[in-house]
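Enquirer: Dropping in run29.txt, which is compact mmCIF, all heavy atoms:
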# COMPACT_ATOMS: atom_id res chain seq x y z
N MET A 1 6.33 2.67 26.01
CA MET A 1 5.64 1.40 26.17
C MET A 1 6.47 0.28 25.55
O MET A 1 6.71 -0.74 26.20
CB MET A 1 4.27 1.49 25.51
CG MET A 1 3.51 0.19 25.53
SD MET A 1 1.87 0.35 24.82
CE MET A 1 2.00 -0.78 23.47
N LEU A 2 6.91 0.45 24.32
CA LEU A 2 7.65 -0.64 23.68
C LEU A 2 9.07 -0.77 24.19
O LEU A 2 9.59 -1.88 24.28
CB LEU A 2 7.65 -0.44 22.16
CG LEU A 2 6.31 -0.72 21.54
CD1 LEU A 2 6.33 -0.43 20.06
CD2 LEU A 2 5.88 -2.14 21.77
N ALA A 3 9.69 0.35 24.55
CA ALA A 3 11.03 0.27 25.13
C ALA A 3 10.97 -0.54 26.43
O ALA A 3 11.86 -1.34 26.71
CB ALA A 3 11.58 1.67 25.36
N GLU A 4 9.91 -0.34 27.20
CA GLU A 4 9.73 -1.08 28.44
C GLU A 4 9.51 -2.57 28.14
O GLU A 4 10.06 -3.44 28.80
CB GLU A 4 8.55 -0.53 29.22
CG GLU A 4 8.33 -1.20 30.55
CD GLU A 4 7.16 -0.61 31.32
OE1 GLU A 4 6.72 0.51 31.00
OE2 GLU A 4 6.68 -1.30 32.23
N PHE A 5 8.71 -2.87 27.12
CA PHE A 5 8.46 -4.24 26.70
C PHE A 5 9.78 -4.93 26.34
O PHE A 5 10.06 -6.04 26.80
CB PHE A 5 7.52 -4.25 25.49
CG PHE A 5 7.42 -5.57 24.78
CD1 PHE A 5 6.67 -6.60 25.29
CD2 PHE A 5 8.10 -5.78 23.59
CE1 PHE A 5 6.58 -7.82 24.64
CE2 PHE A 5 8.02 -6.99 22.93
CZ PHE A 5 7.25 -8.02 23.46
N VAL A 6 10.61 -4.25 25.54
CA VAL A 6 11.89 -4.83 25.13
C VAL A 6 12.80 -5.03 26.34
O VAL A 6 13.44 -6.07 26.47
CB VAL A 6 12.57 -3.94 24.06
CG1 VAL A 6 13.99 -4.40 23.78
CG2 VAL A 6 11.75 -3.94 22.77
N ALA A 7 12.83 -4.05 27.23
CA ALA A 7 13.67 -4.17 28.43
C ALA A 7 13.25 -5.35 29.30
O ALA A 7 14.09 -6.10 29.79
CB ALA A 7 13.62 -2.87 29.23
N ILE A 8 11.95 -5.52 29.46
CA ILE A 8 11.45 -6.64 30.26
C ILE A 8 11.81 -7.97 29.59
O ILE A 8 12.28 -8.90 30.25
CB ILE A 8 9.93 -6.53 30.48
CG1 ILE A 8 9.63 -5.36 31.41
CG2 ILE A 8 9.35 -7.83 31.03
CD1 ILE A 8 8.16 -4.98 31.48
N ARG A 9 11.59 -8.04 28.29
CA ARG A 9 11.90 -9.29 27.57
C ARG A 9 13.40 -9.59 27.65
O ARG A 9 13.80 -10.74 27.83
CB ARG A 9 11.45 -9.21 26.11
CG ARG A 9 9.96 -9.01 25.91
CD ARG A 9 9.13 -10.11 26.48
NE ARG A 9 9.37 -11.34 25.75
CZ ARG A 9 8.84 -12.51 26.04
NH1 ARG A 9 8.02 -12.61 27.06
NH2 ARG A 9 9.12 -13.58 25.35
N ASN A 10 14.23 -8.57 27.50
CA ASN A 10 15.68 -8.77 27.64
C ASN A 10 16.01 -9.24 29.05
O ASN A 10 16.88 -10.09 29.23
CB ASN A 10 16.44 -7.48 27.32
CG ASN A 10 16.65 -7.29 25.84
OD1 ASN A 10 16.77 -8.23 25.08
ND2 ASN A 10 16.67 -6.04 25.42
N GLY A 11 15.33 -8.67 30.03
CA GLY A 11 15.58 -9.01 31.42
C GLY A 11 15.27 -10.45 31.76
O GLY A 11 15.88 -11.03 32.66
N ILE A 12 14.31 -11.05 31.05
CA ILE A 12 13.98 -12.45 31.33
C ILE A 12 14.74 -13.41 30.42
O ILE A 12 14.50 -14.60 30.43
CB ILE A 12 12.46 -12.72 31.23
CG1 ILE A 12 11.93 -12.47 29.83
CG2 ILE A 12 11.71 -11.90 32.25
CD1 ILE A 12 10.50 -12.94 29.62
N GLY A 13 15.66 -12.84 29.63
CA GLY A 13 16.53 -13.68 28.83
C GLY A 13 16.04 -14.00 27.43
O GLY A 13 16.57 -14.91 26.79
N ALA A 14 15.04 -13.28 26.94
CA ALA A 14 14.55 -13.53 25.59
C ALA A 14 15.61 -13.11 24.58
O ALA A 14 16.31 -12.10 24.77
CB ALA A 14 13.26 -12.75 25.34
N THR A 15 15.73 -13.86 23.52
CA THR A 15 16.69 -13.51 22.48
C THR A 15 16.15 -12.37 21.63
O THR A 15 14.95 -12.08 21.63
CB THR A 15 16.98 -14.72 21.55
OG1 THR A 15 15.77 -15.04 20.86
CG2 THR A 15 17.47 -15.92 22.34
N ASP A 16 17.04 -11.72 20.89
CA ASP A 16 16.62 -10.63 20.01
C ASP A 16 15.60 -11.11 18.99
O ASP A 16 14.64 -10.41 18.69
CB ASP A 16 17.83 -10.02 19.28
CG ASP A 16 18.73 -9.24 20.22
OD1 ASP A 16 18.28 -8.87 21.33
OD2 ASP A 16 19.89 -8.99 19.84
N ALA A 17 15.78 -12.31 18.49
CA ALA A 17 14.84 -12.86 17.50
C ALA A 17 13.45 -13.04 18.11
O ALA A 17 12.44 -12.72 17.46
CB ALA A 17 15.36 -14.19 16.95
N THR A 18 13.39 -13.52 19.33
CA THR A 18 12.11 -13.70 20.00
C THR A 18 11.43 -12.36 20.21
O THR A 18 10.22 -12.22 19.99
CB THR A 18 12.29 -14.41 21.36
OG1 THR A 18 12.87 -15.69 21.12
CG2 THR A 18 10.98 -14.55 22.10
N ILE A 19 12.19 -11.37 20.62
CA ILE A 19 11.62 -10.03 20.84
C ILE A 19 11.09 -9.47 19.53
O ILE A 19 10.00 -8.90 19.49
CB ILE A 19 12.67 -9.10 21.48
CG1 ILE A 19 13.00 -9.60 22.89
CG2 ILE A 19 12.17 -7.66 21.51
CD1 ILE A 19 14.20 -8.93 23.52
N ARG A 20 11.84 -9.63 18.43
CA ARG A 20 11.37 -9.16 17.12
C ARG A 20 10.07 -9.85 16.72
O ARG A 20 9.15 -9.22 16.20
CB ARG A 20 12.44 -9.37 16.06
CG ARG A 20 13.54 -8.34 16.06
CD ARG A 20 14.41 -8.42 14.82
NE ARG A 20 15.02 -9.73 14.66
CZ ARG A 20 16.19 -10.09 15.19
NH1 ARG A 20 16.86 -9.23 15.94
NH2 ARG A 20 16.67 -11.29 15.00
N GLN A 21 9.99 -11.15 16.97
CA GLN A 21 8.77 -11.89 16.64
C GLN A 21 7.58 -11.38 17.44
O GLN A 21 6.48 -11.18 16.90
CB GLN A 21 8.96 -13.38 16.92
CG GLN A 21 9.85 -14.08 15.95
CD GLN A 21 10.13 -15.52 16.37
OE1 GLN A 21 10.03 -15.87 17.55
NE2 GLN A 21 10.48 -16.36 15.40
N ARG A 22 7.78 -11.16 18.72
CA ARG A 22 6.69 -10.67 19.57
C ARG A 22 6.27 -9.26 19.17
O ARG A 22 5.08 -8.93 19.18
CB ARG A 22 7.09 -10.68 21.06
CG ARG A 22 7.46 -12.04 21.60
CD ARG A 22 6.29 -13.03 21.51
NE ARG A 22 6.60 -14.26 22.17
CZ ARG A 22 6.92 -15.39 21.54
NH1 ARG A 22 6.96 -15.44 20.24
NH2 ARG A 22 7.19 -16.48 22.23
N ARG A 23 7.24 -8.42 18.79
CA ARG A 23 6.92 -7.07 18.32
C ARG A 23 6.12 -7.14 17.03
O ARG A 23 5.20 -6.35 16.82
CB ARG A 23 8.20 -6.27 18.08
CG ARG A 23 8.56 -5.37 19.21
CD ARG A 23 9.58 -4.32 18.89
NE ARG A 23 10.13 -4.33 17.57
CZ ARG A 23 11.42 -4.39 17.27
NH1 ARG A 23 12.31 -4.46 18.22
NH2 ARG A 23 11.83 -4.37 16.03
N ALA A 24 6.46 -8.08 16.17
CA ALA A 24 5.73 -8.23 14.91
C ALA A 24 4.28 -8.62 15.17
O ALA A 24 3.36 -8.09 14.54
CB ALA A 24 6.41 -9.28 14.02
N VAL A 25 4.07 -9.53 16.10
CA VAL A 25 2.70 -9.94 16.46
C VAL A 25 1.94 -8.76 17.04
O VAL A 25 0.79 -8.48 16.67
CB VAL A 25 2.71 -11.13 17.45
CG1 VAL A 25 1.33 -11.39 18.01
CG2 VAL A 25 3.27 -12.37 16.77
N LEU A 26 2.57 -8.04 17.96
CA LEU A 26 1.93 -6.88 18.56
C LEU A 26 1.60 -5.83 17.49
O LEU A 26 0.53 -5.24 17.50
CB LEU A 26 2.85 -6.28 19.63
CG LEU A 26 2.31 -5.08 20.40
CD1 LEU A 26 1.00 -5.42 21.08
CD2 LEU A 26 3.35 -4.62 21.41
N GLY A 27 2.52 -5.64 16.53
CA GLY A 27 2.27 -4.71 15.45
C GLY A 27 1.07 -5.12 14.61
O GLY A 27 0.25 -4.28 14.22
N SER A 28 0.93 -6.40 14.35
CA SER A 28 -0.22 -6.89 13.60
C SER A 28 -1.53 -6.66 14.35
O SER A 28 -2.53 -6.24 13.76
CB SER A 28 -0.07 -8.39 13.31
OG SER A 28 1.05 -8.62 12.48
N VAL A 29 -1.51 -6.92 15.64
CA VAL A 29 -2.70 -6.70 16.46
C VAL A 29 -3.08 -5.22 16.44
O VAL A 29 -4.25 -4.87 16.28
CB VAL A 29 -2.48 -7.20 17.90
CG1 VAL A 29 -3.58 -6.74 18.83
CG2 VAL A 29 -2.34 -8.70 17.92
N LEU A 30 -2.09 -4.35 16.58
CA LEU A 30 -2.37 -2.92 16.58
C LEU A 30 -2.85 -2.43 15.21
O LEU A 30 -3.71 -1.55 15.13
CB LEU A 30 -1.14 -2.14 17.04
CG LEU A 30 -0.84 -2.29 18.52
CD1 LEU A 30 0.53 -1.72 18.86
CD2 LEU A 30 -1.90 -1.64 19.37
N THR A 31 -2.33 -3.01 14.14
CA THR A 31 -2.80 -2.65 12.80
C THR A 31 -4.27 -3.01 12.64
O THR A 31 -5.06 -2.23 12.11
CB THR A 31 -1.95 -3.35 11.72
OG1 THR A 31 -0.61 -2.87 11.82
CG2 THR A 31 -2.48 -3.08 10.33
N ILE A 32 -4.65 -4.17 13.11
CA ILE A 32 -6.06 -4.58 13.06
C ILE A 32 -6.91 -3.63 13.90
O ILE A 32 -8.00 -3.23 13.48
CB ILE A 32 -6.22 -6.04 13.53
CG1 ILE A 32 -5.58 -6.98 12.51
CG2 ILE A 32 -7.69 -6.38 13.76
CD1 ILE A 32 -5.42 -8.41 13.01
N ALA A 33 -6.40 -3.24 15.06
CA ALA A 33 -7.14 -2.31 15.92
C ALA A 33 -7.34 -0.96 15.23
O ALA A 33 -8.41 -0.36 15.31
CB ALA A 33 -6.42 -2.13 17.25
N ILE A 34 -6.32 -0.49 14.53
CA ILE A 34 -6.44 0.78 13.81
C ILE A 34 -7.45 0.66 12.68
O ILE A 34 -8.31 1.52 12.51
CB ILE A 34 -5.06 1.23 13.28
CG1 ILE A 34 -4.16 1.65 14.46
CG2 ILE A 34 -5.20 2.39 12.29
CD1 ILE A 34 -2.71 1.83 14.09
N ARG A 35 -7.36 -0.41 11.93
CA ARG A 35 -8.28 -0.60 10.80
C ARG A 35 -9.73 -0.74 11.26
O ARG A 35 -10.65 -0.34 10.54
CB ARG A 35 -7.87 -1.82 9.98
CG ARG A 35 -6.62 -1.57 9.19
CD ARG A 35 -6.24 -2.75 8.35
NE ARG A 35 -4.99 -2.50 7.65
CZ ARG A 35 -4.26 -3.42 7.10
NH1 ARG A 35 -4.62 -4.68 7.15
NH2 ARG A 35 -3.14 -3.10 6.48
N SER A 36 -9.93 -1.29 12.44
CA SER A 36 -11.29 -1.44 12.96
C SER A 36 -11.69 -0.25 13.83
O SER A 36 -12.71 -0.30 14.51
CB SER A 36 -11.43 -2.74 13.74
OG SER A 36 -10.62 -2.69 14.90
N GLU A 37 -10.87 0.80 13.79
CA GLU A 37 -11.11 2.06 14.50
C GLU A 37 -11.20 1.89 16.02
O GLU A 37 -11.91 2.60 16.70
CB GLU A 37 -12.35 2.75 13.94
CG GLU A 37 -12.21 3.10 12.48
CD GLU A 37 -13.44 3.79 11.90
OE1 GLU A 37 -14.45 3.92 12.60
OE2 GLU A 37 -13.36 4.18 10.73
N ARG A 38 -10.45 0.95 16.54
CA ARG A 38 -10.38 0.77 17.99
C ARG A 38 -9.12 1.42 18.57
O ARG A 38 -8.97 1.51 19.78
CB ARG A 38 -10.42 -0.70 18.34
CG ARG A 38 -11.74 -1.34 17.92
CD ARG A 38 -11.92 -2.67 18.58
NE ARG A 38 -13.15 -3.30 18.14
CZ ARG A 38 -14.30 -3.20 18.78
NH1 ARG A 38 -14.39 -2.50 19.88
NH2 ARG A 38 -15.37 -3.81 18.31
N ALA A 39 -8.22 1.83 17.69
CA ALA A 39 -7.00 2.54 18.11
C ALA A 39 -6.71 3.60 17.05
O ALA A 39 -7.07 3.42 15.87
CB ALA A 39 -5.83 1.58 18.23
N ASP A 40 -6.08 4.68 17.47
CA ASP A 40 -5.77 5.77 16.55
C ASP A 40 -4.40 5.62 15.91
O ASP A 40 -4.21 5.92 14.74
CB ASP A 40 -5.84 7.12 17.27
CG ASP A 40 -7.25 7.44 17.74
OD1 ASP A 40 -8.21 7.09 17.03
OD2 ASP A 40 -7.39 8.02 18.82
N THR A 41 -3.43 5.18 16.68
CA THR A 41 -2.06 5.05 16.19
C THR A 41 -1.42 3.80 16.75
O THR A 41 -1.92 3.19 17.70
CB THR A 41 -1.20 6.26 16.61
OG1 THR A 41 -1.17 6.33 18.03
CG2 THR A 41 -1.73 7.57 16.04
N SER A 42 -0.28 3.46 16.18
CA SER A 42 0.47 2.30 16.65
C SER A 42 1.84 2.76 17.14
O SER A 42 2.60 3.35 16.37
CB SER A 42 0.65 1.29 15.52
OG SER A 42 1.53 0.27 15.93
N PRO A 43 2.17 2.50 18.39
CA PRO A 43 3.50 2.87 18.88
C PRO A 43 4.60 2.06 18.21
O PRO A 43 5.76 2.44 18.27
CB PRO A 43 3.43 2.60 20.38
CG PRO A 43 2.32 1.62 20.54
CD PRO A 43 1.37 1.89 19.42
N ILE A 44 4.25 0.97 17.58
CA ILE A 44 5.24 0.14 16.88
C ILE A 44 5.92 0.94 15.78
O ILE A 44 7.13 0.84 15.60
CB ILE A 44 4.58 -1.12 16.28
CG1 ILE A 44 3.98 -2.00 17.37
CG2 ILE A 44 5.54 -1.91 15.43
CD1 ILE A 44 4.96 -2.80 18.16
N ILE A 45 5.18 1.71 15.03
CA ILE A 45 5.72 2.45 13.90
C ILE A 45 6.79 3.43 14.38
O ILE A 45 7.89 3.46 13.85
CB ILE A 45 4.60 3.18 13.14
CG1 ILE A 45 3.67 2.16 12.52
CG2 ILE A 45 5.17 4.11 12.08
CD1 ILE A 45 2.36 2.73 12.00
N ALA A 46 6.49 4.21 15.40
CA ALA A 46 7.47 5.17 15.94
C ALA A 46 8.67 4.45 16.52
O ALA A 46 9.81 4.89 16.36
CB ALA A 46 6.81 6.05 16.98
N PHE A 47 8.44 3.35 17.20
CA PHE A 47 9.53 2.59 17.82
C PHE A 47 10.47 2.02 16.77
O PHE A 47 11.67 2.10 16.89
CB PHE A 47 8.97 1.47 18.69
CG PHE A 47 10.00 0.74 19.47
CD1 PHE A 47 10.48 1.26 20.66
CD2 PHE A 47 10.50 -0.48 19.04
CE1 PHE A 47 11.45 0.60 21.40
CE2 PHE A 47 11.46 -1.15 19.77
CZ PHE A 47 11.93 -0.61 20.95
N ASN A 48 9.91 1.48 15.69
CA ASN A 48 10.73 0.90 14.64
C ASN A 48 11.59 1.95 13.93
O ASN A 48 12.67 1.63 13.46
CB ASN A 48 9.85 0.16 13.62
CG ASN A 48 9.32 -1.14 14.16
OD1 ASN A 48 9.85 -1.69 15.11
ND2 ASN A 48 8.26 -1.63 13.56
N LYS A 49 11.13 3.18 13.88
CA LYS A 49 11.93 4.24 13.26
C LYS A 49 13.14 4.60 14.09
O LYS A 49 14.12 5.10 13.58
CB LYS A 49 11.06 5.49 13.04
CG LYS A 49 10.05 5.31 11.93
CD LYS A 49 9.25 6.57 11.72
CE LYS A 49 8.23 6.36 10.61
NZ LYS A 49 7.41 7.56 10.41
N ARG A 50 13.09 4.34 15.40
CA ARG A 50 14.22 4.65 16.28
C ARG A 50 15.31 3.61 16.21
O ARG A 50 16.43 3.85 16.61
CB ARG A 50 13.75 4.77 17.73
CG ARG A 50 12.88 5.98 17.96
CD ARG A 50 12.62 6.18 19.43
NE ARG A 50 11.92 5.02 19.97
CZ ARG A 50 11.87 4.73 21.26
NH1 ARG A 50 12.49 5.48 22.13
NH2 ARG A 50 11.21 3.69 21.67
N ILE A 51 14.99 2.44 15.73
CA ILE A 51 15.97 1.33 15.72
C ILE A 51 16.93 1.50 14.56
O ILE A 51 16.66 1.94 13.53
CB ILE A 51 15.25 -0.02 15.63
CG1 ILE A 51 14.46 -0.24 16.89
CG2 ILE A 51 16.23 -1.15 15.40
CD1 ILE A 51 13.64 -1.50 16.92
Please go through the file and, once you have read it, give me the structure as C-alpha cells.
Expert:
Amino acid sequence: MLAEFVAIRNGIGATDATIRQRRAVLGSVLTIAIRSERADTSPIIAFNKRI
C-alpha cells in the first residue's frame, strides 16, 4: 500500500520531502485509528523499517 503511494507521488513529481510529510500525516491518522480501536496495525511502521 505505501510503496504504491510513494510510487504514485514520485510519478506526479512530488519531492522526497513532500512524500515524507504526507507519510507523516498518514502515520498520525493511522495512530489515532489504532488508539480508537478502528484499526489493528499501521503499515507505516513496517514501511519505515524497510527504508
Enquirer: Applying 5 Å and all atoms listed in the file, which residues near Ile44 (chain A) remain after dropping the ones on its own chain fewer than 5 positions away? List them as a CSV table (one decimal) with all heavy atoms, in the frame of the given file.
Expert:
chain,number,residue,atom,x,y,z
A,2,LEU,N,6.9,0.4,24.3
A,2,LEU,CA,7.6,-0.6,23.7
A,2,LEU,C,9.1,-0.8,24.2
A,2,LEU,O,9.6,-1.9,24.3
A,2,LEU,CB,7.6,-0.4,22.2
A,2,LEU,CG,6.3,-0.7,21.5
A,2,LEU,CD1,6.3,-0.4,20.1
A,2,LEU,CD2,5.9,-2.1,21.8
A,23,ARG,N,7.2,-8.4,18.8
A,23,ARG,CA,6.9,-7.1,18.3
A,23,ARG,C,6.1,-7.1,17.0
A,23,ARG,O,5.2,-6.4,16.8
A,23,ARG,CB,8.2,-6.3,18.1
A,23,ARG,CG,8.6,-5.4,19.2
A,23,ARG,CD,9.6,-4.3,18.9
A,23,ARG,NE,10.1,-4.3,17.6
A,23,ARG,CZ,11.4,-4.4,17.3
A,23,ARG,NH1,12.3,-4.5,18.2
A,23,ARG,NH2,11.8,-4.4,16.0
A,26,LEU,N,2.6,-8.0,18.0
A,26,LEU,CA,1.9,-6.9,18.6
A,26,LEU,C,1.6,-5.8,17.5
A,26,LEU,O,0.5,-5.2,17.5
A,26,LEU,CB,2.8,-6.3,19.6
A,26,LEU,CG,2.3,-5.1,20.4
A,26,LEU,CD1,1.0,-5.4,21.1
A,26,LEU,CD2,3.4,-4.6,21.4
A,27,GLY,N,2.5,-5.6,16.5
A,27,GLY,CA,2.3,-4.7,15.4
A,27,GLY,C,1.1,-5.1,14.6
A,27,GLY,O,0.2,-4.3,14.2
A,30,LEU,N,-2.1,-4.4,16.6
A,30,LEU,CA,-2.4,-2.9,16.6
A,30,LEU,C,-2.8,-2.4,15.2
A,30,LEU,O,-3.7,-1.6,15.1
A,30,LEU,CB,-1.1,-2.1,17.0
A,30,LEU,CG,-0.8,-2.3,18.5
A,30,LEU,CD1,0.5,-1.7,18.9
A,30,LEU,CD2,-1.9,-1.6,19.4
A,49,LYS,N,11.1,3.2,13.9
A,49,LYS,CA,11.9,4.2,13.3
A,49,LYS,C,13.1,4.6,14.1
A,49,LYS,O,14.1,5.1,13.6
A,49,LYS,CB,11.1,5.5,13.0
A,49,LYS,CG,10.0,5.3,11.9
A,49,LYS,CD,9.2,6.6,11.7
A,49,LYS,CE,8.2,6.4,10.6
A,49,LYS,NZ,7.4,7.6,10.4
Enquirer: Can you pull out every residue from chain A that DSSP, working from the backbone, puts in alpha helix (DSSP H), and format the result as a PyMOL selection string?
Expert: chain A and resi 2-11+16-35+43-50
Enquirer: To one decimal place, how far is CG of Arg22 (chain A) from NH2 of Arg9 (chain A) in Å?
Expert: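 These two atoms are separated by 4.4 Å.
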Enquirer: State, in Å with one decimal place, the distance from CA of Arg35 (chain A) to CA of Arg20 (chain A).
Expert: 22.3 Å
Enquirer: Between CA of Ala7 (chain A) and CA of Ile19 (chain A), what is the spacing in Å?
Expert: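 Answer for the CA of Ile19 (chain A) to CA of Ala7 (chain A) separation: 9.8 Å.
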